[in-house]
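Structure first, then comments.
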Amino acid sequence: MKLTVLGCGTVSLTPDQACAGYHLTAGRHRLLMDCGGGVLLRLMQAELDYMDVDGLLLSHVRHPDHVSDVPLLLFAWNYRVGGPREAPLLVVGPPGTKEFIEAVHDLFPATNPKSYQLIIREMFAGDVPLPGARLRVRPMRHGRVPAVGFRLDERGRSMAYSGDTAYCPALVELCRDVDLALLDCSFPAGRAVYDSHLTAREVGRVAAESGAAAVMITHRYPVGSDAEVDNQIRETYNGPLHLARDLMSITVGPATGRPEVHGEDR
Ligand SMILES: [Zn+2]
């Protein structure tokens with residue numbers, strides 16, 4: 001299982017961070033988790049093929065920093081030189097996902113699938129069986145916006161993604177004994193601009209309570225320093241901790257190792 005960070009950014013735009021997007025390779029599955037602005041360019045920079053994506057997991061569809069590249073992706077699947085997409089696509093997200101995709105189709109009729117089947121599963125909680133893998137969907141707490149977190153288990157390896165959420169017991173359960181927890185870490189505690197996200201201190205709490213073997217923090221607003229965030233997490237969590245940045249990839253497993261950064265010699 002391999003996770004590639006395509007965008008670790010937020011709505012508070014910065015030049016080195018695309019908005020939210022992560023690519024997960026697990027067995028035969030190629031999953032794109034969220035697809036905000038800049039994510040498709042990053043996907044190509046990571047030398048991943050957008051035609052190979054077979055599942056689109058959307059944590060929430062009401063905030064463009066998590067979905068604004070979706071219309072472009074649907075359009076690209078229809079009109080790529082070399083032929084349109086033919087493989088079926090699974091979209092999983094919270095209630096409102098179907099309405100969002102239909103609104104995209106209404107606004108941009110050329111995004112309607114020309115030659116492939118689009119399967120949309122919307123839910124707050126449930127399991128989606130995938131060949132050789134298990135996808136769990138659980139409700140998160142993101143203000144008034146319907147939001148979910150995801151967990152994928154495949155061949156004894158596992159990773160969980162919080163999407164955007166405040167602290168909630170469902171997130172701790174989602175991350176229970178997971179190999180890698182990819183967590184919203186929007187602000188240092190005491191400096192949160194919005195209360196619908198995790199603070200660094202809460203990230204430490206989720207990590208410690210869940211027994212996650214390793215943690216990657218992401219979705220950081222430009223508030224506070226790495227050291228400040230690191231110190232707050234370390235109040236309760238002592239395990240491996242990675243700070244996401246765009247184009248970083250990490251192999252997920254019992255020995256989740258050091259992340260590699262694409263195109264850099266380090
Ligand atoms: Zn959000």
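Starting from 1 in every chain, residues are counted up; chains themselves are A, B, ... following the order of the structure tokens, and ligands are numbered from 1 as listed.
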| field | Neighbourhood of ligand 1 at 9 Å, counting only C-alpha atoms and all ligand atoms, reported as a PyMOL selection string | value | chain A and resi 10-11+59-66+142-143+145+147+163-165+196-197
| query | Residues at most 7 Å from His242 in chain A, counting only C-alpha atoms, excluding those fewer than 4 positions away in the same chain, as JSON, numbers by chain? | reply | {"A": [215, 216, 217]}
What would the file look like if the residues just selected were written as a short mmCIF file (atom, residue, chain, number, x, y, z; two decimals), in the first residue's frame with N, CA, C and O atoms?
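The resulting part_29.cif:
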```cif
data_model
loop_
_atom_site.label_atom_id
_atom_site.label_comp_id
_atom_site.auth_asym_id
_atom_site.auth_seq_id
_atom_site.Cartn_x
_atom_site.Cartn_y
_atom_site.Cartn_z
N VAL A 215 1.68 8.33 12.08
CA VAL A 215 0.78 9.45 11.80
C VAL A 215 1.40 10.36 10.76
O VAL A 215 2.61 10.62 10.80
N MET A 216 0.58 10.80 9.81
CA MET A 216 0.99 11.87 8.91
C MET A 216 0.01 13.01 9.11
O MET A 216 -1.20 12.80 9.05
N ILE A 217 0.53 14.21 9.36
CA ILE A 217 -0.37 15.35 9.54
C ILE A 217 -0.42 16.17 8.26
O ILE A 217 0.57 16.31 7.53
#
```
Spatial neighbours of Ala181 in chain A, 12 Å, only C-alpha atoms, chain gap at least 2 places, as a PDB file with C-alpha atoms, in the first residue's frame:
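Result file follows (out24.pdb):
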```pdb
ATOM      1  CA  LEU A   3       0.137   6.814  -0.223  1.00  0.00           C
ATOM      2  CA  GLY A 149     -13.546   9.751   7.068  1.00  0.00           C
ATOM      3  CA  PHE A 150     -12.245   6.689   5.253  1.00  0.00           C
ATOM      4  CA  ARG A 151     -10.235   3.636   6.198  1.00  0.00           C
ATOM      5  CA  LEU A 152      -8.865   1.058   3.811  1.00  0.00           C
ATOM      6  CA  ARG A 157      -2.207  -3.238   5.870  1.00  0.00           C
ATOM      7  CA  SER A 158      -4.338  -0.290   6.708  1.00  0.00           C
ATOM      8  CA  MET A 159      -4.591   3.455   6.492  1.00  0.00           C
ATOM      9  CA  ALA A 160      -7.204   5.939   7.648  1.00  0.00           C
ATOM     10  CA  TYR A 161      -7.935   9.451   6.388  1.00  0.00           C
ATOM     11  CA  SER A 162      -9.812  11.912   8.565  1.00  0.00           C
ATOM     12  CA  GLY A 163     -10.854  14.351   5.857  1.00  0.00           C
ATOM     13  CA  LEU A 171     -12.275   9.245  14.285  1.00  0.00           C
ATOM     14  CA  VAL A 172     -10.494   7.435  17.109  1.00  0.00           C
ATOM     15  CA  GLU A 173     -12.353   4.250  16.156  1.00  0.00           C
ATOM     16  CA  LEU A 174     -11.592   4.763  12.473  1.00  0.00           C
ATOM     17  CA  CYS A 175      -7.875   4.952  13.283  1.00  0.00           C
ATOM     18  CA  ARG A 176      -7.875   2.014  15.712  1.00  0.00           C
ATOM     19  CA  ASP A 177      -4.487   0.222  15.388  1.00  0.00           C
ATOM     20  CA  VAL A 178      -4.095   1.487  11.839  1.00  0.00           C
ATOM     21  CA  ASP A 179      -0.668   1.402  10.139  1.00  0.00           C
ATOM     22  CA  LEU A 183      -4.985  13.498   9.952  1.00  0.00           C
ATOM     23  CA  ASP A 184      -6.316  17.004   9.542  1.00  0.00           C
ATOM     24  CA  CYS A 185      -4.001  19.218  11.613  1.00  0.00           C
ATOM     25  CA  VAL A 203      -4.069  15.073  16.658  1.00  0.00           C
ATOM     26  CA  GLY A 204      -1.806  13.783  19.426  1.00  0.00           C
ATOM     27  CA  VAL A 206      -6.380  10.833  18.417  1.00  0.00           C
ATOM     28  CA  ALA A 207      -3.051   9.179  17.683  1.00  0.00           C
ATOM     29  CA  ALA A 208      -2.531   8.045  21.272  1.00  0.00           C
ATOM     30  CA  SER A 210      -6.393   4.998  18.608  1.00  0.00           C
ATOM     31  CA  GLY A 211      -3.080   3.153  18.817  1.00  0.00           C
ATOM     32  CA  ALA A 212      -2.154   4.266  15.286  1.00  0.00           C
ATOM     33  CA  ALA A 213       1.301   2.923  14.407  1.00  0.00           C
ATOM     34  CA  ALA A 214       2.274   6.037  12.464  1.00  0.00           C
ATOM     35  CA  VAL A 215       0.776   9.447  11.800  1.00  0.00           C
ATOM     36  CA  MET A 216       0.991  11.874   8.915  1.00  0.00           C
ATOM     37  CA  ILE A 217      -0.373  15.349   9.537  1.00  0.00           C
ATOM     38  CA  THR A 218      -1.817  17.406   6.728  1.00  0.00           C
ATOM     39  CA  GLY A 239       5.304   7.210  17.525  1.00  0.00           C
ATOM     40  CA  PRO A 240       6.482   7.994  13.985  1.00  0.00           C
ATOM     41  CA  LEU A 241       5.207  11.388  12.843  1.00  0.00           C
ATOM     42  CA  HIS A 242       5.376  12.733   9.306  1.00  0.00           C
ATOM     43  CA  LEU A 243       4.547  16.243   8.107  1.00  0.00           C
ATOM     44  CA  ALA A 244       2.861  15.961   4.736  1.00  0.00           C
ATOM     45  CA  ILE A 250       5.059   6.739   1.833  1.00  0.00           C
ATOM     46  CA  VAL A 252       2.155   1.916   4.355  1.00  0.00           C
ATOM     47  CA  GLY A 253       2.680  -1.248   6.324  1.00  0.00           C
ATOM     48  CA  THR A 256       5.789   2.396   7.681  1.00  0.00           C
TER      49      THR A 256
END
```
| request: Give me the residues within 6 Å of range 227-236 of chain A as a list in words, counting only C-alpha atoms and dropping any in the same chain fewer than 4 places off. | output: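 So, after excluding close chain neighbours, the residues are Pro188, Ala200, Arg201 and Gly204 of chain A.
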| said: Please return, as a VMD selection string, all residues of range 73-168 of chain A that DSSP assigns to strand (DSSP E) on the basis of the backbone. | reply: chain A and resid 89 to 93 118 to 122 126 to 130 133 to 139 148 to 154 157 to 161
| request: Enumerate as a PyMOL selection string all residues of range 89-164 of chain A assigned to alpha helix (DSSP H) by DSSP on the backbone, naming them with the chain letters and numbers the document uses. | output: chain A and resi 97-107
Please produce a file of the residues just selected, as a compact mmCIF listing (two decimals), in the first residue's frame, where the atoms kept are all heavy atoms.
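Dumped everything to part-v4.txt:
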```txt
# COMPACT_ATOMS: atom_id res chain seq x y z
N THR A 97 -23.32 13.78 -2.11
CA THR A 97 -22.33 13.50 -3.15
C THR A 97 -22.99 13.34 -4.52
O THR A 97 -22.51 13.88 -5.53
CB THR A 97 -21.53 12.23 -2.78
OG1 THR A 97 -20.85 12.45 -1.55
CG2 THR A 97 -20.52 11.88 -3.85
N LYS A 98 -24.12 12.64 -4.53
CA LYS A 98 -24.83 12.43 -5.81
C LYS A 98 -25.31 13.77 -6.36
O LYS A 98 -25.15 14.07 -7.54
CB LYS A 98 -26.02 11.50 -5.55
CG LYS A 98 -26.59 10.84 -6.76
CD LYS A 98 -27.39 9.59 -6.34
CE LYS A 98 -27.84 8.80 -7.55
NZ LYS A 98 -29.04 9.32 -8.16
N GLU A 99 -25.85 14.58 -5.47
CA GLU A 99 -26.34 15.91 -5.87
C GLU A 99 -25.19 16.75 -6.42
O GLU A 99 -25.36 17.48 -7.41
CB GLU A 99 -26.96 16.57 -4.64
CG GLU A 99 -27.62 17.90 -4.91
CD GLU A 99 -28.06 18.59 -3.62
OE1 GLU A 99 -27.75 18.08 -2.52
OE2 GLU A 99 -28.69 19.64 -3.72
N PHE A 100 -24.03 16.65 -5.78
CA PHE A 100 -22.86 17.41 -6.24
C PHE A 100 -22.46 16.98 -7.65
O PHE A 100 -22.26 17.82 -8.54
CB PHE A 100 -21.69 17.22 -5.26
CG PHE A 100 -20.36 17.64 -5.82
CD1 PHE A 100 -20.07 18.98 -6.03
CD2 PHE A 100 -19.39 16.70 -6.14
CE1 PHE A 100 -18.85 19.38 -6.55
CE2 PHE A 100 -18.17 17.10 -6.66
CZ PHE A 100 -17.90 18.43 -6.87
N ILE A 101 -22.37 15.67 -7.87
CA ILE A 101 -21.95 15.18 -9.19
C ILE A 101 -22.99 15.57 -10.24
O ILE A 101 -22.64 16.00 -11.35
CB ILE A 101 -21.76 13.64 -9.16
CG1 ILE A 101 -20.63 13.25 -8.18
CG2 ILE A 101 -21.48 13.10 -10.57
CD1 ILE A 101 -19.22 13.56 -8.63
N GLU A 102 -24.27 15.48 -9.88
CA GLU A 102 -25.33 15.85 -10.83
C GLU A 102 -25.27 17.35 -11.15
O GLU A 102 -25.51 17.76 -12.29
CB GLU A 102 -26.70 15.47 -10.26
CG GLU A 102 -26.93 13.96 -10.36
CD GLU A 102 -28.18 13.48 -9.59
OE1 GLU A 102 -28.85 14.31 -8.95
OE2 GLU A 102 -28.44 12.27 -9.64
N ALA A 103 -24.94 18.15 -10.14
CA ALA A 103 -24.81 19.60 -10.37
C ALA A 103 -23.65 19.89 -11.33
O ALA A 103 -23.75 20.77 -12.19
CB ALA A 103 -24.61 20.33 -9.05
N VAL A 104 -22.56 19.14 -11.18
CA VAL A 104 -21.43 19.30 -12.10
C VAL A 104 -21.87 18.95 -13.53
O VAL A 104 -21.56 19.66 -14.48
CB VAL A 104 -20.24 18.41 -11.65
CG1 VAL A 104 -19.14 18.38 -12.72
CG2 VAL A 104 -19.66 18.91 -10.32
N HIS A 105 -22.61 17.85 -13.64
CA HIS A 105 -23.10 17.44 -14.97
C HIS A 105 -24.03 18.50 -15.57
O HIS A 105 -24.00 18.75 -16.78
CB HIS A 105 -23.85 16.10 -14.86
CG HIS A 105 -22.95 14.94 -14.58
ND1 HIS A 105 -23.41 13.77 -14.02
CD2 HIS A 105 -21.62 14.78 -14.76
CE1 HIS A 105 -22.40 12.93 -13.88
NE2 HIS A 105 -21.30 13.52 -14.32
N ASP A 106 -24.88 19.11 -14.73
CA ASP A 106 -25.80 20.14 -15.22
C ASP A 106 -25.03 21.37 -15.70
O ASP A 106 -25.33 21.94 -16.75
CB ASP A 106 -26.75 20.58 -14.10
CG ASP A 106 -27.84 19.54 -13.86
OD1 ASP A 106 -27.99 18.63 -14.71
OD2 ASP A 106 -28.53 19.62 -12.82
N LEU A 107 -24.03 21.76 -14.92
CA LEU A 107 -23.26 22.96 -15.22
C LEU A 107 -22.34 22.74 -16.42
O LEU A 107 -22.16 23.62 -17.26
CB LEU A 107 -22.44 23.35 -13.98
CG LEU A 107 -21.87 24.75 -13.89
CD1 LEU A 107 -22.97 25.81 -14.04
CD2 LEU A 107 -21.17 24.93 -12.54
```
Would you kindly return, as an mmCIF file with N, CA and C atoms, in the first residue's frame, each protein, DNA or RNA residue with an atom no farther than 10 Å from any atom of Leu13 in chain A, considering only C-alpha atoms and excluding same-chain residues fewer than 4 positions away?
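result.cif was written with the following content:
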```cif
data_model
loop_
_atom_site.group_PDB
_atom_site.id
_atom_site.type_symbol
_atom_site.label_atom_id
_atom_site.label_comp_id
_atom_site.auth_asym_id
_atom_site.auth_seq_id
_atom_site.Cartn_x
_atom_site.Cartn_y
_atom_site.Cartn_z
ATOM 1 N N GLY A 9 -2.739 21.206 1.191
ATOM 2 C CA GLY A 9 -3.156 22.556 1.531
ATOM 3 C C GLY A 9 -4.618 22.687 1.916
ATOM 4 N N GLN A 17 1.479 24.467 -1.765
ATOM 5 C CA GLN A 17 0.510 23.436 -1.389
ATOM 6 C C GLN A 17 -0.687 23.474 -2.328
ATOM 7 N N ALA A 18 -0.929 22.382 -3.029
ATOM 8 C CA ALA A 18 -2.218 22.250 -3.711
ATOM 9 C C ALA A 18 -3.276 22.015 -2.638
ATOM 10 N N CYS A 19 -4.539 22.162 -2.993
ATOM 11 C CA CYS A 19 -5.611 21.862 -2.038
ATOM 12 C C CYS A 19 -5.648 20.349 -1.797
ATOM 13 N N GLY A 37 -8.326 21.925 -5.711
ATOM 14 C CA GLY A 37 -7.606 22.683 -6.729
ATOM 15 C C GLY A 37 -6.124 22.355 -6.776
ATOM 16 N N ASP A 65 -12.157 23.303 -1.656
ATOM 17 C CA ASP A 65 -10.745 22.898 -1.537
ATOM 18 C C ASP A 65 -10.595 21.374 -1.494
ATOM 19 N N TYR A 221 -3.205 24.974 7.973
ATOM 20 C CA TYR A 221 -3.312 26.386 7.608
ATOM 21 C C TYR A 221 -1.973 27.059 7.920
ATOM 22 N N PRO A 222 -1.717 28.173 7.258
ATOM 23 C CA PRO A 222 -0.439 28.858 7.519
ATOM 24 C C PRO A 222 -0.477 29.616 8.858
#
```
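Neighbouring residues of range 115-125 of chain A at 7 Å or closer, counting only C-alpha atoms and skipping chain neighbours under 6 positions away, are A:Pro84, A:Arg85, A:Glu86, A:Ala87, A:Pro88, A:Leu89, A:Leu90, A:Val91, A:Val92, A:Gly93, A:Pro94, A:Pro95, A:Thr97, A:Lys98, A:Val137, A:Arg138, A:Pro139, A:Val148.
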| Can you tell me how far CA of His29 in chain A sits from CA of Gly55 in chain A, in Å to one decimal? |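 Separation between CA of His29 in chain A and CA of Gly55 in chain A: 7.6 Å.
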| Nearest-residue call for Val67 in chain A, choices A:Leu41, A:Leu31, A:Ala20, A:Met140, using only C-alpha atoms |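 Going through A:Leu41, A:Leu31, A:Ala20, A:Met140 one by one, the smallest distance to Val67 in chain A is for A:Ala20.
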| query | If we count only C-alpha atoms, what is near Asn112 in chain A at a cut-off of 8 Å, once residues fewer than 3 positions away on the same chain are taken out, given as a ChimeraX atom specification? | reply | /A:74-75,105,108-109
| query | In Å to one decimal, how far is CA of Gly21 in chain A from CA of Pro169 in chain A? | reply | 24.1 Å
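Distance check against Ala110 in chain A using only C-alpha atoms: of A:Leu73, A:Val81, A:Cys168, A:Met44, the minimum falls on A:Leu73.
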